[in-house]
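In what follows, a single structure is set out as structure tokens and then discussed.
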Amino acid sequence: MGTLRQCTRSACREAAVATLTYVYADSTAVLGPLATFAEPHCYDLCAKHSERLTAPLGWEVIHLARSDKPPVPGPDDLLALADAVREAANAGQEAETEPAGAPARREFRGTLEPPAHAPGTGTGRRAHLRILRD
């Protein structure tokens, strides 16, 4: 969803800017731009650790073009978040409208209602999202 990922090196809290992948069949380490999704067999590295990368003896390191700045969340990230919230809301509404003979579904225990707002803040409500007016 575009959240900033941290470096996978232990005790490092820096933002990841590159992804390291090992190709064992070719004895190659590939260091490229930060992958879109966190993969289980890849390592996300910060700028400092990606610069100091060394490979085992006899291995080749391939550096792909990349930026040393962490990606900033874009409009696609916000749309993905809104879609995920809508899907969760629709799943909760479908569970309430199931007929009596329908198979049992997992019960949604959370609330989709926005928190109460102070009077005079000028908030409007559209579905489960709040709209703040200027």
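Residues are named by chain letter and number: chains run A, B, ... in the order of the structure tokens, numbers start at 1 in each chain, and ligands are numbered from 1 in the order shown.
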Next item on the list: For Cys7 of chain A, please output as a list in words all residues within 12 Å (counting only C-alpha atoms; exclusion window: fewer than 2 positions along the same chain).
Entry: Leu4, Arg5, Arg9, Ser10, Ala11, Cys12, Arg13, Glu14, Ala15, Ala16, Val17, Ala18, Thr19, Leu20, Leu34, Ala38, Cys42, Tyr43, Asp44, Leu45, Cys46, Ala47, Lys48, His49, Ser50 and Pro70 of chain A
Only N, CA and C atoms, please: the residues just picked out, written as an mmCIF file, in the first residue's frame.
```cif
data_model
loop_
_atom_site.group_PDB
_atom_site.id
_atom_site.type_symbol
_atom_site.label_atom_id
_atom_site.label_comp_id
_atom_site.auth_asym_id
_atom_site.auth_seq_id
_atom_site.Cartn_x
_atom_site.Cartn_y
_atom_site.Cartn_z
ATOM 1 N N LEU A 4 6.184 3.300 3.823
ATOM 2 C CA LEU A 4 7.625 3.234 3.757
ATOM 3 C C LEU A 4 8.114 2.012 4.519
ATOM 4 N N ARG A 5 8.946 1.231 3.870
ATOM 5 C CA ARG A 5 9.490 0.042 4.519
ATOM 6 C C ARG A 5 10.853 0.367 5.093
ATOM 7 N N ARG A 9 18.216 -4.961 7.598
ATOM 8 C CA ARG A 9 19.383 -5.255 8.428
ATOM 9 C C ARG A 9 19.007 -5.046 9.878
ATOM 10 N N SER A 10 19.488 -5.925 10.741
ATOM 11 C CA SER A 10 19.117 -5.846 12.148
ATOM 12 C C SER A 10 19.612 -4.539 12.767
ATOM 13 N N ALA A 11 18.780 -3.970 13.612
ATOM 14 C CA ALA A 11 19.035 -2.729 14.353
ATOM 15 C C ALA A 11 19.106 -1.498 13.467
ATOM 16 N N CYS A 12 18.714 -1.569 12.211
ATOM 17 C CA CYS A 12 18.702 -0.404 11.331
ATOM 18 C C CYS A 12 17.260 0.065 11.196
ATOM 19 N N ARG A 13 17.019 1.334 11.455
ATOM 20 C CA ARG A 13 15.679 1.907 11.399
ATOM 21 C C ARG A 13 15.506 2.859 10.218
ATOM 22 N N GLU A 14 16.455 2.877 9.291
ATOM 23 C CA GLU A 14 16.386 3.781 8.142
ATOM 24 C C GLU A 14 15.372 3.261 7.122
ATOM 25 N N ALA A 15 14.878 4.159 6.278
ATOM 26 C CA ALA A 15 13.923 3.799 5.228
ATOM 27 C C ALA A 15 14.651 3.036 4.123
ATOM 28 N N ALA A 16 14.026 2.012 3.610
ATOM 29 C CA ALA A 16 14.610 1.207 2.540
ATOM 30 C C ALA A 16 14.529 1.966 1.219
ATOM 31 N N VAL A 17 15.590 1.873 0.425
ATOM 32 C CA VAL A 17 15.627 2.522 -0.886
ATOM 33 C C VAL A 17 15.971 1.541 -2.002
ATOM 34 N N ALA A 18 16.377 0.324 -1.655
ATOM 35 C CA ALA A 18 16.785 -0.660 -2.650
ATOM 36 C C ALA A 18 16.360 -2.050 -2.202
ATOM 37 N N THR A 19 16.232 -2.949 -3.178
ATOM 38 C CA THR A 19 15.892 -4.337 -2.887
ATOM 39 C C THR A 19 17.006 -5.236 -3.402
ATOM 40 N N LEU A 20 17.458 -6.135 -2.547
ATOM 41 C CA LEU A 20 18.521 -7.079 -2.877
ATOM 42 C C LEU A 20 17.904 -8.456 -3.098
ATOM 43 N N LEU A 34 13.721 -0.152 -5.061
ATOM 44 C CA LEU A 34 12.847 -0.759 -4.070
ATOM 45 C C LEU A 34 11.662 -1.422 -4.760
ATOM 46 N N ALA A 38 6.819 -6.098 -0.622
ATOM 47 C CA ALA A 38 7.843 -6.819 0.136
ATOM 48 C C ALA A 38 7.756 -8.302 -0.223
ATOM 49 N N CYS A 42 13.537 -11.556 -0.603
ATOM 50 C CA CYS A 42 14.300 -10.372 -0.985
ATOM 51 C C CYS A 42 14.573 -9.546 0.265
ATOM 52 N N TYR A 43 15.575 -8.702 0.174
ATOM 53 C CA TYR A 43 15.965 -7.896 1.313
ATOM 54 C C TYR A 43 15.892 -6.417 0.933
ATOM 55 N N ASP A 44 15.182 -5.636 1.714
ATOM 56 C CA ASP A 44 15.097 -4.198 1.503
ATOM 57 C C ASP A 44 16.221 -3.536 2.285
ATOM 58 N N LEU A 45 16.994 -2.680 1.616
ATOM 59 C CA LEU A 45 18.158 -2.058 2.244
ATOM 60 C C LEU A 45 18.078 -0.539 2.169
ATOM 61 N N CYS A 46 18.612 0.127 3.183
ATOM 62 C CA CYS A 46 18.705 1.587 3.188
ATOM 63 C C CYS A 46 19.889 1.989 2.301
ATOM 64 N N ALA A 47 20.069 3.296 2.111
ATOM 65 C CA ALA A 47 21.147 3.794 1.245
ATOM 66 C C ALA A 47 22.520 3.373 1.764
ATOM 67 N N LYS A 48 22.730 3.477 3.079
ATOM 68 C CA LYS A 48 24.033 3.145 3.661
ATOM 69 C C LYS A 48 24.371 1.671 3.452
ATOM 70 N N HIS A 49 23.430 0.776 3.739
ATOM 71 C CA HIS A 49 23.713 -0.646 3.607
ATOM 72 C C HIS A 49 23.775 -1.090 2.139
ATOM 73 N N SER A 50 23.047 -0.425 1.263
ATOM 74 C CA SER A 50 23.129 -0.809 -0.154
ATOM 75 C C SER A 50 24.467 -0.377 -0.762
ATOM 76 N N PRO A 70 13.813 7.467 -0.452
ATOM 77 C CA PRO A 70 12.642 6.616 -0.311
ATOM 78 C C PRO A 70 11.481 7.171 -1.120
#
```
Next item on the list: Give me the residues within 12 Å of His41 of chain A as a list in words, counting only C-alpha atoms and dropping any in the same chain fewer than 4 places off.
Entry: Thr8, Thr19, Leu20, Thr21, Tyr22, Val23, Tyr24, Ala35 and Phe37 of chain A
Check: So what do you get for atom CA of Pro33 of chain A versus atom CA of His63 of chain A, distance-wise?
Finding: 9.2 Å
